[in-house]
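Undergrad: One file is attached below, upload-v3.cif, containing mmCIF, C-alpha atoms.
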data_start
loop_
_atom_site.label_atom_id
_atom_site.label_comp_id
_atom_site.auth_asym_id
_atom_site.auth_seq_id
_atom_site.Cartn_x
_atom_site.Cartn_y
_atom_site.Cartn_z
CA ALA A 98 48.89 27.04 1.66
CA ILE A 99 52.61 26.32 1.65
CA LEU A 100 52.88 26.83 5.42
CA PHE A 101 49.95 24.48 6.06
CA SER A 102 51.63 21.77 4.03
CA ALA A 103 55.05 22.27 5.61
CA LYS A 104 53.88 20.88 8.97
CA ALA A 105 54.35 17.42 7.51
CA ILE A 106 58.02 18.21 6.79
CA LEU A 107 58.54 19.37 10.38
CA ALA A 108 56.87 16.23 11.75
CA LYS A 109 59.21 14.06 9.70
CA PHE A 110 62.20 15.93 11.13
CA GLN A 111 60.88 15.45 14.68
CA TYR A 112 60.45 11.70 14.16
CA ARG A 113 64.22 11.45 13.62
CA TYR A 114 64.68 12.21 17.35
CA GLY A 115 62.64 9.23 18.54
CA VAL A 116 59.30 10.97 19.23
CA ASP A 117 55.98 9.69 17.93
CA SER A 118 52.78 11.20 16.57
CA LEU A 119 51.24 11.84 20.01
CA ASP A 120 54.35 13.72 21.16
CA VAL A 121 54.33 15.85 18.00
CA LEU A 122 50.63 16.63 18.32
CA ALA A 123 50.80 17.46 22.03
CA LEU A 124 53.70 19.87 21.57
CA ARG A 125 52.05 21.52 18.57
CA MET A 126 48.80 22.09 20.45
CA LEU A 127 50.43 23.27 23.66
CA LEU A 128 52.67 25.81 21.98
CA SER A 129 49.94 27.21 19.72
CA LEU A 130 47.33 27.37 22.50
CA PRO A 131 48.35 30.78 23.93
CA LEU A 132 48.07 32.32 20.46
CA PHE A 133 44.57 30.96 19.90
CA VAL A 134 43.46 31.89 23.42
CA ALA A 135 44.58 35.47 22.76
CA LEU A 136 42.74 35.39 19.42
CA GLY A 137 39.61 34.03 21.12
CA ILE A 138 39.69 36.78 23.76
CA ARG A 139 40.02 39.43 21.07
CA GLU A 140 37.16 37.99 19.03
CA ALA A 141 34.95 37.57 22.12
CA ARG A 142 35.29 41.28 22.89
CA ARG A 143 34.04 42.25 19.45
CA PRO A 144 30.30 42.87 18.93
CA GLY A 145 28.53 39.71 17.89
CA PRO A 146 25.95 37.09 18.84
CA ARG A 147 26.31 35.26 22.13
CA VAL A 148 27.49 31.66 22.00
CA SER A 149 24.59 29.50 23.18
CA ARG A 150 24.84 26.16 24.98
CA ARG A 151 23.92 24.40 21.78
CA ASP A 152 26.64 26.29 19.91
CA PHE A 153 29.16 25.37 22.60
CA GLY A 154 28.23 21.69 22.31
CA THR A 155 28.78 21.88 18.55
CA ILE A 156 32.13 23.61 19.10
CA VAL A 157 33.22 20.75 21.38
CA ILE A 158 32.37 18.20 18.67
CA LEU A 159 34.12 20.28 16.01
CA GLY A 160 37.21 20.72 18.16
CA VAL A 161 37.51 16.97 18.66
CA LEU A 162 36.94 16.21 14.98
CA GLY A 163 38.81 19.03 13.28
CA TYR A 164 41.97 19.55 15.31
CA TYR A 165 42.33 16.51 17.58
CA LEU A 166 41.30 13.38 15.69
CA SER A 167 42.24 14.73 12.27
CA SER A 168 45.68 15.89 13.42
CA LEU A 169 46.30 12.72 15.41
CA PHE A 170 45.53 10.44 12.45
CA ASP A 171 47.54 12.71 10.16
CA PHE A 172 50.72 12.71 12.25
CA TRP A 173 50.32 9.00 12.94
CA GLY A 174 50.03 8.28 9.23
CA LEU A 175 53.13 10.36 8.55
CA GLU A 176 55.13 7.76 10.44
CA TYR A 177 54.50 5.42 7.48
CA VAL A 178 53.94 7.45 4.30
CA PRO A 179 55.91 10.12 2.44
CA VAL A 180 54.71 13.70 2.76
CA SER A 181 53.78 13.90 -0.93
CA LEU A 182 51.21 11.09 -0.60
CA GLU A 183 49.95 12.42 2.75
CA ARG A 184 49.20 15.83 1.29
CA LEU A 185 47.45 14.41 -1.76
CA ILE A 186 45.13 12.29 0.40
CA LEU A 187 44.34 15.24 2.67
CA PHE A 188 43.63 17.33 -0.38
CA LEU A 189 40.61 15.11 -1.03
CA ASN A 190 38.81 17.02 1.74
CA PRO A 191 36.55 18.89 -0.74
CA THR A 192 35.45 15.59 -2.27
CA PHE A 193 34.65 14.14 1.16
CA VAL A 194 32.66 17.27 2.01
CA LEU A 195 30.74 16.79 -1.21
CA LEU A 196 29.96 13.13 -0.45
CA ILE A 197 28.88 13.97 3.11
CA GLY A 198 26.54 16.56 1.65
CA VAL A 199 25.06 13.93 -0.66
CA PHE A 200 24.46 11.25 1.96
CA ALA A 201 23.81 13.33 5.10
CA PHE A 202 22.12 16.45 3.73
CA LYS A 203 20.50 15.00 0.56
CA ARG A 204 22.44 17.40 -1.62
CA ARG A 205 22.08 17.07 -5.39
CA VAL A 206 25.32 16.85 -7.35
CA ALA A 207 26.07 18.27 -10.77
CA ARG A 208 27.69 16.07 -13.41
CA ARG A 209 30.90 18.12 -13.30
CA GLU A 210 31.26 17.33 -9.60
CA TRP A 211 31.05 13.59 -10.20
CA VAL A 212 33.70 13.96 -12.92
CA ALA A 213 35.89 15.90 -10.48
CA LEU A 214 35.48 13.16 -7.87
CA ALA A 215 36.51 10.47 -10.34
CA VAL A 216 39.52 12.49 -11.52
CA SER A 217 40.71 13.22 -7.97
CA TYR A 218 40.49 9.62 -6.79
CA ALA A 219 42.16 8.37 -9.97
CA GLY A 220 45.10 10.65 -9.27
CA VAL A 221 45.45 9.53 -5.65
CA SER A 222 45.21 5.88 -6.73
CA LEU A 223 48.01 6.47 -9.22
CA VAL A 224 50.32 7.95 -6.59
CA PHE A 225 49.29 5.32 -4.02
CA VAL A 226 50.16 2.40 -6.31
CA GLU A 227 53.50 4.01 -7.18
CA ASN A 228 54.38 4.53 -3.50
CA LEU A 229 53.33 0.97 -2.73
CA ARG A 230 55.72 -0.25 -5.41
CA VAL A 231 58.60 1.95 -4.25
CA GLN A 232 58.24 1.86 -0.47
CA GLY A 233 56.39 -1.31 0.51
CA GLU A 234 53.23 -2.46 2.29
CA HIS A 235 53.50 -0.06 5.24
CA ILE A 236 51.99 2.44 2.81
CA LEU A 237 48.63 0.69 3.31
CA LEU A 238 48.50 1.43 7.05
CA GLY A 239 49.79 4.98 6.70
CA SER A 240 47.40 5.81 3.87
CA GLY A 241 44.47 4.45 5.86
CA LEU A 242 45.36 6.67 8.82
CA VAL A 243 45.72 9.76 6.64
CA LEU A 244 42.41 8.89 4.99
CA LEU A 245 40.77 8.89 8.44
CA ALA A 246 42.37 12.29 9.05
CA ALA A 247 40.85 13.62 5.84
CA LEU A 248 37.43 12.19 6.72
CA SER A 249 37.53 13.69 10.23
CA TYR A 250 38.36 17.10 8.85
CA ALA A 251 35.67 16.82 6.18
CA LEU A 252 33.11 16.16 8.93
CA TYR A 253 34.40 19.28 10.68
CA LEU A 254 33.91 21.33 7.52
CA SER A 255 30.46 19.94 6.84
CA MET A 256 29.18 20.56 10.37
CA SER A 257 30.59 24.05 10.86
CA GLY A 258 28.83 25.99 8.07
CA GLN A 259 25.95 27.52 10.01
CA LEU A 260 28.07 28.07 13.12
CA ILE A 261 30.62 30.09 11.17
CA LYS A 262 27.84 32.31 9.88
CA ARG A 263 26.60 32.95 13.42
CA ILE A 264 29.78 33.46 15.44
CA GLY A 265 32.49 34.10 12.82
CA SER A 266 35.32 31.96 11.48
CA LEU A 267 38.14 33.28 13.65
CA ARG A 268 36.12 32.92 16.84
CA LEU A 269 35.20 29.36 15.90
CA VAL A 270 38.82 28.49 15.11
CA ALA A 271 40.04 29.90 18.43
CA TYR A 272 37.40 28.08 20.46
CA ALA A 273 37.74 24.80 18.56
CA MET A 274 41.53 24.84 18.92
CA THR A 275 41.20 25.31 22.68
CA ILE A 276 38.85 22.33 22.91
CA SER A 277 41.16 20.28 20.74
CA THR A 278 44.12 21.07 22.99
CA ALA A 279 42.13 19.87 26.00
CA ALA A 280 41.30 16.61 24.19
CA THR A 281 44.93 16.11 23.17
CA LEU A 282 46.22 16.66 26.69
CA THR A 283 43.60 14.30 28.13
CA HIS A 284 44.73 11.65 25.65
CA TYR A 285 48.36 12.25 26.60
CA LEU A 286 47.67 12.03 30.34
CA VAL A 287 45.86 8.72 29.87
CA ALA A 288 48.44 7.23 27.50
CA ARG A 289 51.72 8.21 29.15
CA ASP A 290 53.56 10.17 31.81
CA PRO A 291 53.30 13.91 31.03
CA ALA A 292 56.84 14.38 32.38
CA HIS A 293 57.98 12.72 29.15
CA LEU A 294 57.18 15.95 27.30
CA LEU A 295 59.80 17.75 29.40
CA ASP A 296 62.55 15.26 28.60
CA LEU A 297 62.79 15.42 24.82
CA PRO A 298 65.78 16.49 22.70
CA ALA A 299 66.11 20.27 22.31
CA PRO A 300 65.61 20.27 18.50
CA VAL A 301 62.17 18.69 19.00
CA TYR A 302 61.00 21.76 20.93
CA GLY A 303 62.41 24.14 18.34
CA LEU A 304 60.66 22.31 15.50
CA ALA A 305 57.43 22.20 17.53
CA ALA A 306 57.56 25.96 18.08
CA ILE A 307 58.01 26.52 14.34
CA ASN A 308 55.11 24.14 13.68
CA ALA A 309 52.85 25.90 16.19
CA PHE A 310 53.47 29.42 14.91
CA PHE A 311 54.34 29.17 11.22
CA CYS A 312 52.36 26.04 10.27
CA THR A 313 49.33 26.33 12.57
CA PHE A 314 48.52 29.83 13.80
CA LEU A 315 49.75 31.93 10.86
CA PRO A 316 48.11 29.83 8.11
CA VAL A 317 44.75 30.02 9.88
CA THR A 318 44.84 33.81 10.13
CA PHE A 319 46.36 34.23 6.66
CA THR A 320 43.62 32.10 5.12
CA MET A 321 40.88 34.18 6.71
CA GLY A 322 42.62 37.36 5.54
CA ALA A 323 42.91 35.97 2.02
CA VAL A 324 39.22 35.06 1.91
CA ALA A 325 38.31 38.59 3.03
CA ARG A 326 40.47 40.18 0.33
CA LEU A 327 40.22 37.75 -2.59
CA GLY A 328 36.97 35.91 -2.02
CA ALA A 329 36.42 32.25 -1.17
CA GLY A 330 36.67 30.96 -4.74
CA THR A 331 40.05 32.51 -5.51
CA ALA A 332 41.46 31.55 -2.11
CA ALA A 333 40.36 27.94 -2.61
CA GLN A 334 41.97 27.75 -6.04
CA MET A 335 45.25 29.18 -4.74
CA SER A 336 45.34 26.51 -2.02
CA VAL A 337 46.47 24.03 -4.69
CA LEU A 338 49.95 25.49 -4.20
CA GLY A 339 50.19 23.55 -0.93
CA PRO A 340 50.37 19.94 -2.15
CA VAL A 341 52.39 20.95 -5.20
CA SER A 342 54.99 22.63 -3.00
CA LEU A 343 55.12 19.63 -0.67
CA VAL A 344 56.08 17.24 -3.45
CA PHE A 345 59.22 19.27 -4.08
CA LEU A 346 59.87 20.20 -0.44
CA GLY A 347 59.81 16.50 0.45
CA ALA A 348 62.34 15.73 -2.28
CA TRP A 349 64.57 18.65 -1.30
CA LEU A 350 64.50 18.43 2.50
CA LEU A 351 63.73 14.73 3.11
CA ASP A 352 65.30 13.13 0.01
CA GLU A 353 61.98 11.50 -0.88
CA PRO A 354 62.01 10.14 -4.43
CA ILE A 355 59.98 11.84 -7.16
CA THR A 356 58.90 9.69 -10.08
CA PHE A 357 57.06 10.59 -13.25
CA VAL A 358 54.02 8.61 -12.07
CA GLN A 359 53.89 10.62 -8.82
CA LEU A 360 54.05 13.90 -10.72
CA ALA A 361 51.34 12.73 -13.10
CA GLY A 362 49.11 11.65 -10.21
CA THR A 363 49.63 14.97 -8.47
CA ALA A 364 48.60 16.84 -11.60
CA VAL A 365 45.48 14.68 -11.96
CA VAL A 366 44.40 15.26 -8.33
CA LEU A 367 44.90 19.01 -8.61
CA GLY A 368 42.91 19.05 -11.82
CA GLY A 369 40.01 17.31 -10.09
CA VAL A 370 40.09 19.70 -7.14
CA LEU A 371 40.19 22.70 -9.46
CA LEU A 372 37.03 21.39 -11.12
CA LEU A 373 35.36 21.37 -7.70
CA THR A 374 36.53 24.83 -6.63
CA ARG A 375 35.98 26.83 -9.83
CA ARG A 376 33.03 29.17 -9.95
CA GLY A 377 29.85 27.58 -11.23
CA ALA A 378 31.05 24.05 -10.57
CA ASN A 379 28.20 23.37 -8.14
CA ALA A 380 25.24 24.28 -10.23
CA LEU A 381 22.47 22.19 -8.68
CA PRO A 382 20.60 23.48 -5.61
CA VAL A 383 20.33 21.79 -2.23
CA ARG A 384 17.06 19.99 -1.68
CA GLU A 385 14.59 21.34 0.84
CA THR A 386 15.60 20.57 4.42
CA ALA A 387 14.34 21.40 7.86
CA PRO A 388 14.67 25.07 8.91
CA ASN A 389 17.63 24.41 11.22
CA ALA A 390 19.35 21.83 9.04
CA PRO A 391 23.01 22.58 8.32
CA ASP A 392 23.96 23.97 4.95
CA ASP A 393 26.96 22.12 3.62
CA GLY A 394 27.59 24.67 0.90
CA ALA A 395 29.91 24.30 -2.04
CA PRO A 396 32.98 22.23 -1.31
CA GLY A 397 35.41 24.80 -2.61
CA GLU A 398 33.87 27.55 -0.55
CA ASP A 399 33.82 25.35 2.55
CA ALA A 400 37.48 24.58 2.23
CA ALA A 401 38.40 28.24 2.01
CA ASP A 402 35.84 29.76 4.37
CA LYS A 403 36.30 27.40 7.26
CA ALA A 404 39.57 27.46 9.17
CA ARG A 405 41.69 24.46 8.37
#
Take the structure in the file and write it out as structure tokens.

TA:
Amino acid sequence: AILFSAKAILAKFQYRYGVDSLDVLALRMLLSLPLFVALGIREARRPGPRVSRRDFGTIVILGVLGYYLSSLFDFWGLEYVPVSLERLILFLNPTFVLLIGVFAFKRRVARREWVALAVSYAGVSLVFVENLRVQGEHILLGSGLVLLAALSYALYLSMSGQLIKRIGSLRLVAYAMTISTAATLTHYLVARDPAHLLDLPAPVYGLAAINAFFCTFLPVTFTMGAVARLGAGTAAQMSVLGPVSLVFLGAWLLDEPITFVQLAGTAVVLGGVLLLTRRGANALPVRETAPNAPDDGAPGEDAADKAR
């Protein structure tokens, strides 16, 4: 959880060398690609169901949503907002998954879930208003971009439930990351000269390599290992360490201010997410759907079971 969150710190360091969000994303995807290709080859050799054309089409959509658009909006938003606010907004993923389940899959929601939603958004609003007061109106644009990142990733989580059950989480992550890298490179080729990636300051490449390995590949595999050993519920609850750590990492490494209001808002958001991820929080069943309709599942379990 801490490694996942630390990618925002690394992006902030890279921005000091004159690169932008597209440069950061392209380097991250390129340098992590060989690791995920190797993981995909290993998983493909294991016994399991064959990936059908329909599954492949879904993987393409998930790769674009989960690791291209979400990451692009996230890194873009980080050009305008502090890492503490970015992480809190992204941590609303479980609430977005819940809302998508309500409107897209006709899922019924228990009262405790609505309370958790209200608590989470109240906390983010508290931190948002405080950052707007301290750092100015650019917070509006940055927060909107990070919100789009959270929504894109929530769509990825909501759509991937049945596919994970069929082909496995690690295989899906490896395939989706490969698709996402292709989308990122296509975007880069259209937007600018690819030779630009070879003419960046040396520290940018070092930070990108750290991002690719320690904040992309390792957290994905560690999360899957944690779910296998601890269960989805416990793994989801422990993920709250990520945004908490980022508040203090941002203050320590980036000299971002910490106010009492920000700490209070962080505590409120984490309390709301804990309400969503605790066992028994999602007590009401899903309504009857078509036989092949996707199962959105419990938000807490989605967030832990599906690769980030």

Undergrad: What gap, in Å, lies between atom CA of A:Lys262 and atom CA of A:Gly322?

TA: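 Here the two named atoms are 16.2 Å from each other.
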
Undergrad: Counting all atoms listed in the file, note down every residue that has an atom within 10 Å of the point (44.8, 8.4, 2.5) (file coordinates), as a list in words.

TA: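 So the residues meeting the distance criterion are Asp171, Gly174, Val178, Leu182, Glu183, Arg184, Leu185, Ile186, Leu187, Phe188, Leu189, Val221, Ser222, Phe225, Ile236, Leu237, Leu238, Gly239, Ser240, Gly241, Leu242, Val243, Leu244, Leu245, Ala246, Ala247 and Leu248 of chain A.
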
Undergrad: Would you write out those residues with C-alpha atoms, as an mmCIF file, in the frame of the given file?

TA:
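So the final result, stored in result.cif, reads:
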data_model
loop_
_atom_site.group_PDB
_atom_site.id
_atom_site.type_symbol
_atom_site.label_atom_id
_atom_site.label_comp_id
_atom_site.auth_asym_id
_atom_site.auth_seq_id
_atom_site.Cartn_x
_atom_site.Cartn_y
_atom_site.Cartn_z
ATOM 1 C CA ASP A 171 47.540 12.710 10.160
ATOM 2 C CA GLY A 174 50.030 8.280 9.230
ATOM 3 C CA VAL A 178 53.940 7.450 4.300
ATOM 4 C CA LEU A 182 51.210 11.090 -0.600
ATOM 5 C CA GLU A 183 49.950 12.420 2.750
ATOM 6 C CA ARG A 184 49.200 15.830 1.290
ATOM 7 C CA LEU A 185 47.450 14.410 -1.760
ATOM 8 C CA ILE A 186 45.130 12.290 0.400
ATOM 9 C CA LEU A 187 44.340 15.240 2.670
ATOM 10 C CA PHE A 188 43.630 17.330 -0.380
ATOM 11 C CA LEU A 189 40.610 15.110 -1.030
ATOM 12 C CA VAL A 221 45.450 9.530 -5.650
ATOM 13 C CA SER A 222 45.210 5.880 -6.730
ATOM 14 C CA PHE A 225 49.290 5.320 -4.020
ATOM 15 C CA ILE A 236 51.990 2.440 2.810
ATOM 16 C CA LEU A 237 48.630 0.690 3.310
ATOM 17 C CA LEU A 238 48.500 1.430 7.050
ATOM 18 C CA GLY A 239 49.790 4.980 6.700
ATOM 19 C CA SER A 240 47.400 5.810 3.870
ATOM 20 C CA GLY A 241 44.470 4.450 5.860
ATOM 21 C CA LEU A 242 45.360 6.670 8.820
ATOM 22 C CA VAL A 243 45.720 9.760 6.640
ATOM 23 C CA LEU A 244 42.410 8.890 4.990
ATOM 24 C CA LEU A 245 40.770 8.890 8.440
ATOM 25 C CA ALA A 246 42.370 12.290 9.050
ATOM 26 C CA ALA A 247 40.850 13.620 5.840
ATOM 27 C CA LEU A 248 37.430 12.190 6.720
#

Undergrad: How many Å lie between atom CA of A:Asp296 and atom CA of A:Ala108, rounded to one decimal?

TA: 17.8 Å

Undergrad: Would you compute the distance between atom CA of A:Gln359 and atom CA of A:Val224? Give it in Å to one decimal.

TA: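 Rounded to one decimal, the two atoms are 5.0 Å apart.
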
Undergrad: Which residues fall under the PyMOL selection byres ((chain A and resi 217) around 7) in this file, as a PyMOL selection string?

TA: chain A and resi 213-216+218-221+365-366+369-370

Undergrad: Using C-alpha atoms, can you write the selected residues to a file as a JSON list (two decimals), in the frame of the given file?

TA:
[["chain", "number", "residue", "atom", "x", "y", "z"],
["A", 213, "ALA", "CA", 35.89, 15.90, -10.48],
["A", 214, "LEU", "CA", 35.48, 13.16, -7.87],
["A", 215, "ALA", "CA", 36.51, 10.47, -10.34],
["A", 216, "VAL", "CA", 39.52, 12.49, -11.52],
["A", 218, "TYR", "CA", 40.49, 9.62, -6.79],
["A", 219, "ALA", "CA", 42.16, 8.37, -9.97],
["A", 220, "GLY", "CA", 45.10, 10.65, -9.27],
["A", 221, "VAL", "CA", 45.45, 9.53, -5.65],
["A", 365, "VAL", "CA", 45.48, 14.68, -11.96],
["A", 366, "VAL", "CA", 44.40, 15.26, -8.33],
["A", 369, "GLY", "CA", 40.01, 17.31, -10.09],
["A", 370, "VAL", "CA", 40.09, 19.70, -7.14]]

Undergrad: May I have the residues within 9 Å of A:Leu128 as JSON, numbers by chain, using only C-alpha atoms and disregarding those fewer than 2 positions away in the same chain?

TA: {"A": [123, 124, 125, 126, 130, 131, 132, 305, 306, 308, 309, 310]}

Undergrad: My list of candidates is A:Thr278, A:Gln111, A:Pro291, A:His235. Which is closest to A:Tyr164 when distances are computed with all atoms listed in the file?

TA: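 Using all atoms listed in the file, A:Tyr164 sits closest to A:Thr278.
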
Undergrad: Run the PyMOL selection byres ((chain A and resi 281) around 8) against the file shown and list the residues it catches, as an NGL selection string.

TA: :A and (122-123 or 126 or 165 or 277-280 or 282-285)

Undergrad: Which one of A:Val148, A:Leu107, A:Val344, A:Ile197 sits closest to A:Tyr250 if you count all atoms listed in the file?

TA: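 Closest residue, counting all atoms listed in the file: A:Ile197.
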
Undergrad: Using all atoms listed in the file, can you tell me which of A:Gly160, A:Pro179, A:Pro354, A:Pro144 comes closest to A:Ala271?

TA: A:Gly160

Undergrad: List every protein, DNA or RNA residue that has at least one atom no more than 12 Å from (61.8, 12.8, 12.6) in the file's coordinates, counting all atoms listed in the file, and write the result as a PDB file with C-alpha atoms, keeping the file's coordinate frame.

TA:
ATOM      1  CA  LYS A 104      53.880  20.880   8.970  1.00  0.00           C
ATOM      2  CA  ALA A 105      54.350  17.420   7.510  1.00  0.00           C
ATOM      3  CA  ILE A 106      58.020  18.210   6.790  1.00  0.00           C
ATOM      4  CA  LEU A 107      58.540  19.370  10.380  1.00  0.00           C
ATOM      5  CA  ALA A 108      56.870  16.230  11.750  1.00  0.00           C
ATOM      6  CA  LYS A 109      59.210  14.060   9.700  1.00  0.00           C
ATOM      7  CA  PHE A 110      62.200  15.930  11.130  1.00  0.00           C
ATOM      8  CA  GLN A 111      60.880  15.450  14.680  1.00  0.00           C
ATOM      9  CA  TYR A 112      60.450  11.700  14.160  1.00  0.00           C
ATOM     10  CA  ARG A 113      64.220  11.450  13.620  1.00  0.00           C
ATOM     11  CA  TYR A 114      64.680  12.210  17.350  1.00  0.00           C
ATOM     12  CA  GLY A 115      62.640   9.230  18.540  1.00  0.00           C
ATOM     13  CA  VAL A 116      59.300  10.970  19.230  1.00  0.00           C
ATOM     14  CA  ASP A 117      55.980   9.690  17.930  1.00  0.00           C
ATOM     15  CA  SER A 118      52.780  11.200  16.570  1.00  0.00           C
ATOM     16  CA  ASP A 120      54.350  13.720  21.160  1.00  0.00           C
ATOM     17  CA  VAL A 121      54.330  15.850  18.000  1.00  0.00           C
ATOM     18  CA  PHE A 172      50.720  12.710  12.250  1.00  0.00           C
ATOM     19  CA  LEU A 175      53.130  10.360   8.550  1.00  0.00           C
ATOM     20  CA  GLU A 176      55.130   7.760  10.440  1.00  0.00           C
ATOM     21  CA  TYR A 177      54.500   5.420   7.480  1.00  0.00           C
ATOM     22  CA  PRO A 298      65.780  16.490  22.700  1.00  0.00           C
ATOM     23  CA  PRO A 300      65.610  20.270  18.500  1.00  0.00           C
ATOM     24  CA  VAL A 301      62.170  18.690  19.000  1.00  0.00           C
ATOM     25  CA  LEU A 304      60.660  22.310  15.500  1.00  0.00           C
ATOM     26  CA  ALA A 305      57.430  22.200  17.530  1.00  0.00           C
ATOM     27  CA  LEU A 350      64.500  18.430   2.500  1.00  0.00           C
ATOM     28  CA  LEU A 351      63.730  14.730   3.110  1.00  0.00           C
TER      29      LEU A 351
END

Undergrad: Which is closer to A:Glu210 than all the others in A:Leu196, A:Leu315, A:Ala299, A:Leu286, using only C-alpha atoms?

TA: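 Of the candidates, the smallest distance to A:Glu210 is held by A:Leu196.
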
Undergrad: What's the 12 Å shell around A:Phe153, counting all atoms listed in the file, without same-chain residues fewer than 4 positions away, as a list in words?

TA: Arg147, Val148, Ser149, Val157, Ile158, Leu159, Gly160, Ser257, Leu260, Ile264, Arg268, Leu269, Tyr272, Ala273 and Ile276 of chain A

Undergrad: Could you tell me which of A:Gly198, A:Gly258, A:Gly265, A:Gly163 comes closest to A:Arg143 if we count only C-alpha atoms?

TA: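 Of A:Gly198, A:Gly258, A:Gly265, A:Gly163, the one nearest A:Arg143, counting only C-alpha atoms, is A:Gly265.
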
Undergrad: Quick one: of A:Ala141, A:Leu372, A:Leu252, A:Leu343, who's nearest to A:Trp211, counting all atoms listed in the file?

TA: A:Leu372
